[in-house]
Every structure is written in structure tokens, then in C-alpha cells.
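Here's the structure we're looking at; comments come further down.
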Amino acid sequence: MKKILILHTGGTIAMSENQETGAIAPGAENPLNQAVNPFGDRFDLITENVFNLPSPHIGPKEMLIIQKRIMLAFNENIDGVVITHGTDTLEETAYFLDLTLPNHLPVVLTGAMRSANEIGSDGLHNFQTAILTAASDDAVDKGVLVVMNDEIHTARYVTKTHTTNVATFRTPTFGPIGSIAKDSVNFFAELLSQTCLAIDEVVDHVYLIKAYAGMDAELLGFLDNDQTNGVVIEALGAGNLPPQVLENLQKLIDRDIPVVIVSRCFNGVAQDVYDYEGGGVQLKKMGGIFCRGLNGQKARIKLLVGLSTGLQKDELAIYVADALS
Ligand SMILES: NC(=O)C[C@H](N)C(=O)O
């Protein structure tokens with residue numbers, strides 16, 4: 001019988017709706033703990049309530065606590081791990097774990113868009129399909145996975161795309177790698193393997209900012225101080241910035257603060273293609289690190305993990321630049 005470790009961390013999947021006001025909030029008890037186990041004796045389910053937090057309250061420190069708990073599971077004959085999590089920051093926790101856990105133990109994150117007592121609540125269904133996926137032999141060596149709404153996505157590329165719809169998790173550019181139909185878990189893609197870094201602490205002051213038409217130079221100026229450890233910029237289009245921010249950008253780079261460039265576009269990959277003032281060619285020459293294929297929040301997690309594990313300068317740039325390294 002497969003032994004599946006379940007780690008509850010909170011989120012809408014653990015919340016209920018106030019029937020009078022319609023407001024959604026966590027209660028003292030996680031409704032998932034009261035749910036009947038639909039699998040009977042099929043799996044040995046070991047449940048731990050790690051946190052009961054809405055996911056905007058989850059940051060790298062909490063991610064590291066979850067990571068450390070899963071590292072222990074490697075010596076506990078666990079066959080798979082399911083993490084229930086709020087959806088707002090689920091993709092960041094999933095990617096943090098993807099970068100820091102060895103690949104071979106299936107680790108699956110899930111959540112819900114409708115709380116436990118709302119009509120059409122998706123929590124229990126997502127929870128069950130996440131368990132099925134974590135128990136699937138085919139989930140081994142696929143990296144950390146996100147299961148929502150009968151789809152299986154890689155932690156590396158999945159993102160939350162809708163504020164309320166149950167089909168919110170999507171993988172732009174690449175698509176999901178599997179699906180669940182009733183009881184059967186089907187994968188239709190392999191994952192290219194990546195390095196896993198051993199992590200023991202997390203650095204702070206790693207920032208994410210978004211470029212916009214007429215962007216003010218001051219914002220980058222505020223980050224030009226001893227505290228800043230790294231900056232990710234969601235640049236325009238293929239990876240370009242307005243000329244007026246270049247002077248302050250150069251100041252950050254001269255301070256040896258790693259500056260990572262991704263695109264604010266929903267699809268595609270940032271590249272140094274444009275050779276005009278503020279274009280990607282110049283940003284790269286100035287020392288900007290182009291990150292291939294990750295969105296802003298994932299690139300920030302990667303930069304944070306690289307910095308937290310002690311990578312510096314060229315080594316850090318190589319690690320962050322390629323989503324597969
Ligand atoms: N659907 C959700 O879980 C959203 C909630 N605000 C959270 O992330 O905790």
C-alpha cells in the first residue's frame with residue numbers, strides 16, 4: 001500500500017463561507033480533516049497540519065519549513081507527498097520546492113477556488129486527484145507538480161491566471177503535462193531534469209518590479225542601497241526598458257546587485273533582441289541577466305534560492321538565466 005504524506009498549509013481549500021455575509025475565512029478546524037477518506041484502504045494517508053494560513057501570508061520562510069519537512073520524508077518510506085495550499089502564492093511555493101527537492105519523490109500541490117461549503121466547491125475533488133497523482137508511478141521524476149481542475153502542471157511553468165474561476169491554473173507557452181480522468185492519471189510529457197540545490201536558510205530583500213510605459217526612474221533608485229540582495233524586472237515585450245531608467249539600473253549593477261530580466265508578457269521568453277536605447281541588447285551588455293521562460297514571480301524565487309545557497313556573480317547568473325539549470 002502506498003504511503004502518502006499530506007501536508008495542509010491553509011488557503012481557500014481549508015476555508016468556509018459565512019452564509020450571511022458571503023465572506024470567506026479560515027476557521028479553527030480545517031474542513032479537509034473532517035472529510036471522509038474516499039480511498040478506504042487503498043492508500044496509507046498520513047496527515048499533518050503544518051500551517052493554517054491564507055497563502056498571501058506564506059513567504060520563503062514558510063516554504064523552507066515545508067521543504068525541510070519533505071526532506072525528512074525521504075527517510076520515512078513515503079511514496080508521495082500532497083500539499084494543500086492557498087492558490088494566490090501556490091506557484092511560488094511549488095517552484096521553491098521544485099528547485100530544492102530531489103526529483104524522484106512525487107510532490108503534488110493543490111488548492112481550491114471555492115471554499116468548503118460553497119456550491120460547486122472544488123477542494124475535495126482537487127485533493128483526491130492530487131492524492132491519486134502523488135501515488136502514481138508515472139509521477140516519479142516529473143519534478144514538483146500542481147494538480148487543479150483535473151490537470152497536471154509542472155511547478156516550473158504553471159501560473160494562476162484567473163481570480164475566481166476553477167480553471168485558473170494554466171501553463172502558458174508549454175501547456176500541462178498530464179490530466180486526470182476520473183480515477184486514471186495520464187502523463188503525456190516528460191520533464192527535462194534540472195539541478196536541485198541544498199538550502200538551509202533564505203535571504204530577504206529580493207525584489208520584483210514591473211516595467212510600464214513611461215516608467216519612473218525613481219523606483220530603481222529606491223533599491224540602490226546596502227540591503228538589496230537582488231532585483232527581478234518584468235520588462236516590456238521581449239525584454240526592453242524605457243531609457244530614463246537605465247542610469248539607475250546601471251547603479252544597481254555597479255553595486256553587484258544581480259538584476260534579472262523577464263518579460264511582463266504572459267507568453268513567450270525574454271531575449272536580448274532589440275538594439276535601441278533600453279533594448280535587450282543594451283540591458284544584457286550592462287550586465288542584466290536574461291531569465292529564459294520564467295514569469296516574474298518564479299524568476300524571483302529562483303534568484304532567491306540561488307542567493308540563499310551562496311551562488312554569486314557568474315555562477316548565479318548561469319543558474320538564474322536558464323530555467324533548466
Ligand atoms: N483560492 C485561494 O486559495 C485564494 C486564497 N486567497 C489563498 O491563496 O489563500
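Every chain in the C-alpha cells has a letter given in the order shown (A, B, ...), and although residue numbers restart at 1 in each chain, ligands are simply numbered from 1 in the order shown.
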(request) Please provide the set of residues having any atom within 6 Å of stretch 133-146 of chain A, restricted to only C-alpha atoms, with same-chain residues fewer than 2 positions apart removed, written as a PyMOL selection string. (result) chain A and resi 80+98+103-110+130-131+152-155+191
(request) Give as a VMD selection string the residues surrounding ligand 1 up to a distance of 9 Å, considering only C-alpha atoms and all ligand atoms. (result) chain A and resid 10 to 15 24 53 to 58 85 to 90 111 to 115 163 to 164 166
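Distances to A:Asp41 were evaluated for A:Ile70, A:Lys2, A:Val202, A:Asn117 using only C-alpha atoms, and the minimum falls at A:Lys2.
For A:Asn240, the set of protein, DNA and RNA residues having any atom at most 10 Å away, when counting only C-alpha atoms and skipping those fewer than 6 positions along the same chain, is A:Ala211, A:Ile233, A:Glu234, A:Ile261, A:Val262, A:Ser263, A:Ala270, A:Gln271, A:Asp272, A:Val273, A:Tyr274, A:Asp275, A:Tyr276, A:Glu277, A:Gly278, A:Gly279, A:Gly280, A:Val281, A:Gln282, A:Leu283.
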Output N, CA and C atoms of each residue in that selection to a file, as an mmCIF file, in the first residue's frame.
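Result saved to result14.cif:
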data_model
loop_
_atom_site.group_PDB
_atom_site.id
_atom_site.type_symbol
_atom_site.label_atom_id
_atom_site.label_comp_id
_atom_site.auth_asym_id
_atom_site.auth_seq_id
_atom_site.Cartn_x
_atom_site.Cartn_y
_atom_site.Cartn_z
ATOM 1 N N ALA A 211 7.814 46.782 -15.290
ATOM 2 C CA ALA A 211 8.019 47.968 -16.128
ATOM 3 C C ALA A 211 6.687 48.407 -16.735
ATOM 4 N N ILE A 233 13.130 42.302 -12.851
ATOM 5 C CA ILE A 233 12.282 43.291 -13.535
ATOM 6 C C ILE A 233 11.467 42.587 -14.613
ATOM 7 N N GLU A 234 10.168 42.735 -14.524
ATOM 8 C CA GLU A 234 9.305 42.287 -15.619
ATOM 9 C C GLU A 234 9.362 43.380 -16.678
ATOM 10 N N ILE A 261 16.186 39.975 -15.809
ATOM 11 C CA ILE A 261 15.173 40.499 -16.731
ATOM 12 C C ILE A 261 14.272 39.350 -17.201
ATOM 13 N N VAL A 262 12.964 39.522 -16.992
ATOM 14 C CA VAL A 262 11.976 38.623 -17.598
ATOM 15 C C VAL A 262 11.010 39.511 -18.375
ATOM 16 N N SER A 263 10.010 38.899 -18.974
ATOM 17 C CA SER A 263 9.046 39.710 -19.722
ATOM 18 C C SER A 263 7.741 39.844 -18.953
ATOM 19 N N ALA A 270 11.850 35.996 -22.567
ATOM 20 C CA ALA A 270 12.594 37.262 -22.715
ATOM 21 C C ALA A 270 13.940 36.993 -23.394
ATOM 22 N N GLN A 271 14.307 37.857 -24.329
ATOM 23 C CA GLN A 271 15.565 37.686 -25.068
ATOM 24 C C GLN A 271 16.150 39.048 -25.405
ATOM 25 N N ASP A 272 17.470 39.064 -25.605
ATOM 26 C CA ASP A 272 18.123 40.333 -25.967
ATOM 27 C C ASP A 272 18.089 40.475 -27.479
ATOM 28 N N VAL A 273 16.943 40.912 -28.006
ATOM 29 C CA VAL A 273 16.818 41.047 -29.460
ATOM 30 C C VAL A 273 16.890 42.496 -29.944
ATOM 31 N N TYR A 274 16.404 43.437 -29.163
ATOM 32 C CA TYR A 274 16.306 44.815 -29.677
ATOM 33 C C TYR A 274 17.545 45.636 -29.337
ATOM 34 N N ASP A 275 18.060 46.301 -30.394
ATOM 35 C CA ASP A 275 19.305 47.051 -30.242
ATOM 36 C C ASP A 275 19.034 48.554 -30.341
ATOM 37 N N TYR A 276 18.190 49.073 -29.480
ATOM 38 C CA TYR A 276 17.984 50.533 -29.366
ATOM 39 C C TYR A 276 18.203 50.894 -27.905
ATOM 40 N N GLU A 277 18.172 52.180 -27.587
ATOM 41 C CA GLU A 277 18.417 52.582 -26.203
ATOM 42 C C GLU A 277 17.388 51.935 -25.262
ATOM 43 N N GLY A 278 17.857 51.187 -24.291
ATOM 44 C CA GLY A 278 16.963 50.479 -23.371
ATOM 45 C C GLY A 278 16.522 49.126 -23.882
ATOM 46 N N GLY A 279 16.925 48.799 -25.126
ATOM 47 C CA GLY A 279 16.575 47.487 -25.688
ATOM 48 C C GLY A 279 17.357 46.366 -25.013
ATOM 49 N N GLY A 280 16.914 45.140 -25.237
ATOM 50 C CA GLY A 280 17.513 43.986 -24.577
ATOM 51 C C GLY A 280 19.012 43.858 -24.802
ATOM 52 N N VAL A 281 19.476 44.247 -26.013
ATOM 53 C CA VAL A 281 20.910 44.120 -26.307
ATOM 54 C C VAL A 281 21.701 44.972 -25.311
ATOM 55 N N GLN A 282 21.213 46.201 -25.083
ATOM 56 C CA GLN A 282 21.915 47.078 -24.144
ATOM 57 C C GLN A 282 21.790 46.574 -22.699
ATOM 58 N N LEU A 283 20.594 46.102 -22.350
ATOM 59 C CA LEU A 283 20.395 45.623 -20.968
ATOM 60 C C LEU A 283 21.344 44.475 -20.657
#
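Going from atom CA of A:Ile209 over to atom CA of A:Thr171, you cover 21.7 Å.
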(request) Write down as a VMD selection string the residues of stretch 9-226 of chain A whose backbone DSSP state falls under strand (DSSP E). (result) chain A and resid 15 to 17 24 to 26 43 to 49 80 to 84 107 to 110 145 to 148 151 to 154 159 to 160 169 to 170 178 to 181 184 to 187 206 to 210
Please produce a file of those selected residues containing N, CA and C atoms, as a short mmCIF file (atom, residue, chain, number, x, y, z; two decimals), in the first residue's frame.
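Printed below is part_35.cif as written:
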data_model
loop_
_atom_site.label_atom_id
_atom_site.label_comp_id
_atom_site.auth_asym_id
_atom_site.auth_seq_id
_atom_site.Cartn_x
_atom_site.Cartn_y
_atom_site.Cartn_z
N MET A 15 -10.89 26.81 3.98
CA MET A 15 -11.75 27.89 4.49
C MET A 15 -13.24 27.58 4.26
N SER A 16 -14.09 28.39 4.87
CA SER A 16 -15.54 28.27 4.65
C SER A 16 -16.14 29.66 4.45
N GLU A 17 -17.31 29.64 3.82
CA GLU A 17 -18.00 30.90 3.55
C GLU A 17 -18.99 31.21 4.67
N ILE A 24 -15.23 34.90 3.02
CA ILE A 24 -14.56 33.60 3.14
C ILE A 24 -13.38 33.73 4.09
N ALA A 25 -13.31 32.82 5.06
CA ALA A 25 -12.24 32.93 6.07
C ALA A 25 -11.90 31.55 6.62
N PRO A 26 -10.68 31.42 7.18
CA PRO A 26 -10.31 30.16 7.83
C PRO A 26 -11.07 29.99 9.14
N PHE A 43 -4.83 3.63 0.12
CA PHE A 43 -3.57 4.31 0.43
C PHE A 43 -3.45 4.50 1.94
N ASP A 44 -2.20 4.53 2.40
CA ASP A 44 -1.94 4.87 3.80
C ASP A 44 -1.70 6.38 3.85
N LEU A 45 -2.69 7.13 4.32
CA LEU A 45 -2.60 8.60 4.32
C LEU A 45 -2.14 9.11 5.68
N ILE A 46 -1.03 9.84 5.69
CA ILE A 46 -0.51 10.40 6.94
C ILE A 46 -0.68 11.91 6.86
N THR A 47 -1.51 12.45 7.75
CA THR A 47 -1.87 13.88 7.63
C THR A 47 -1.19 14.73 8.69
N GLU A 48 -0.61 15.85 8.26
CA GLU A 48 -0.03 16.81 9.20
C GLU A 48 -0.54 18.22 8.85
N ASN A 49 -0.93 18.96 9.87
CA ASN A 49 -1.35 20.35 9.66
C ASN A 49 -0.15 21.25 9.93
N GLY A 80 4.83 9.39 -1.71
CA GLY A 80 4.42 10.62 -2.40
C GLY A 80 3.95 11.64 -1.37
N VAL A 81 3.98 12.91 -1.76
CA VAL A 81 3.57 13.98 -0.84
C VAL A 81 2.51 14.84 -1.52
N VAL A 82 1.46 15.17 -0.77
CA VAL A 82 0.45 16.13 -1.25
C VAL A 82 0.47 17.33 -0.31
N ILE A 83 0.54 18.52 -0.89
CA ILE A 83 0.50 19.74 -0.08
C ILE A 83 -0.75 20.52 -0.48
N THR A 84 -1.60 20.82 0.49
CA THR A 84 -2.73 21.70 0.19
C THR A 84 -2.30 23.12 0.56
N VAL A 107 5.84 15.03 -5.56
CA VAL A 107 5.34 16.06 -4.65
C VAL A 107 4.29 16.86 -5.44
N VAL A 108 3.07 16.89 -4.91
CA VAL A 108 1.96 17.49 -5.66
C VAL A 108 1.29 18.56 -4.80
N LEU A 109 1.15 19.75 -5.35
CA LEU A 109 0.42 20.81 -4.64
C LEU A 109 -0.97 20.97 -5.23
N THR A 110 -1.92 21.25 -4.35
CA THR A 110 -3.27 21.53 -4.82
C THR A 110 -3.93 22.56 -3.91
N LEU A 145 4.72 18.96 -8.88
CA LEU A 145 3.56 19.10 -9.76
C LEU A 145 2.45 19.89 -9.09
N VAL A 146 1.62 20.50 -9.91
CA VAL A 146 0.43 21.20 -9.41
C VAL A 146 -0.78 20.55 -10.07
N VAL A 147 -1.68 20.04 -9.24
CA VAL A 147 -2.89 19.41 -9.76
C VAL A 147 -4.10 20.25 -9.36
N MET A 148 -4.81 20.74 -10.36
CA MET A 148 -6.04 21.52 -10.13
C MET A 148 -6.96 21.26 -11.31
N GLU A 151 -6.16 18.81 -14.17
CA GLU A 151 -4.96 18.96 -14.99
C GLU A 151 -3.71 18.86 -14.13
N ILE A 152 -2.65 18.35 -14.76
CA ILE A 152 -1.36 18.23 -14.05
C ILE A 152 -0.38 19.19 -14.72
N HIS A 153 0.15 20.12 -13.92
CA HIS A 153 1.08 21.13 -14.44
C HIS A 153 2.43 21.00 -13.74
N THR A 154 3.48 21.42 -14.40
CA THR A 154 4.79 21.46 -13.73
C THR A 154 4.87 22.72 -12.89
N THR A 159 0.98 28.89 -13.74
CA THR A 159 0.69 30.17 -13.08
C THR A 159 -0.81 30.33 -12.87
N LYS A 160 -1.17 31.11 -11.87
CA LYS A 160 -2.58 31.39 -11.60
C LYS A 160 -3.04 32.49 -12.55
N PHE A 169 -5.48 27.65 -13.00
CA PHE A 169 -4.07 27.31 -13.19
C PHE A 169 -3.81 26.87 -14.62
N ARG A 170 -2.91 27.59 -15.27
CA ARG A 170 -2.58 27.33 -16.67
C ARG A 170 -1.07 27.35 -16.82
N GLY A 178 -0.08 16.61 -18.04
CA GLY A 178 -0.91 15.45 -17.84
C GLY A 178 -2.32 15.85 -17.46
N SER A 179 -3.17 14.84 -17.37
CA SER A 179 -4.55 15.12 -16.95
C SER A 179 -5.07 13.93 -16.15
N ILE A 180 -6.16 14.18 -15.46
CA ILE A 180 -6.78 13.12 -14.67
C ILE A 180 -8.19 12.94 -15.19
N ALA A 181 -8.54 11.70 -15.52
CA ALA A 181 -9.89 11.43 -15.97
C ALA A 181 -10.49 10.41 -15.00
N SER A 184 -8.11 7.80 -13.40
CA SER A 184 -6.85 7.49 -14.07
C SER A 184 -6.00 8.74 -14.32
N VAL A 185 -4.73 8.59 -13.95
CA VAL A 185 -3.76 9.69 -14.04
C VAL A 185 -2.93 9.47 -15.30
N ASN A 186 -2.97 10.43 -16.22
CA ASN A 186 -2.28 10.24 -17.50
C ASN A 186 -1.27 11.36 -17.74
N PHE A 187 -0.02 10.96 -17.93
CA PHE A 187 1.00 11.94 -18.30
C PHE A 187 1.23 11.86 -19.80
N VAL A 206 14.81 40.55 -1.82
CA VAL A 206 14.90 40.22 -3.26
C VAL A 206 13.59 40.73 -3.86
N TYR A 207 13.69 41.71 -4.76
CA TYR A 207 12.51 42.45 -5.18
C TYR A 207 12.06 42.09 -6.59
N LEU A 208 10.78 42.29 -6.82
CA LEU A 208 10.18 42.08 -8.14
C LEU A 208 9.45 43.35 -8.54
N ILE A 209 9.84 43.96 -9.67
CA ILE A 209 9.11 45.14 -10.12
C ILE A 209 8.70 45.00 -11.59
N LYS A 210 7.69 45.73 -11.95
CA LYS A 210 7.12 45.60 -13.28
C LYS A 210 7.35 46.91 -14.05
#
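Rounded to one decimal, atom CA of A:Phe188 and atom CA of A:Glu92 lie 23.9 Å from each other.
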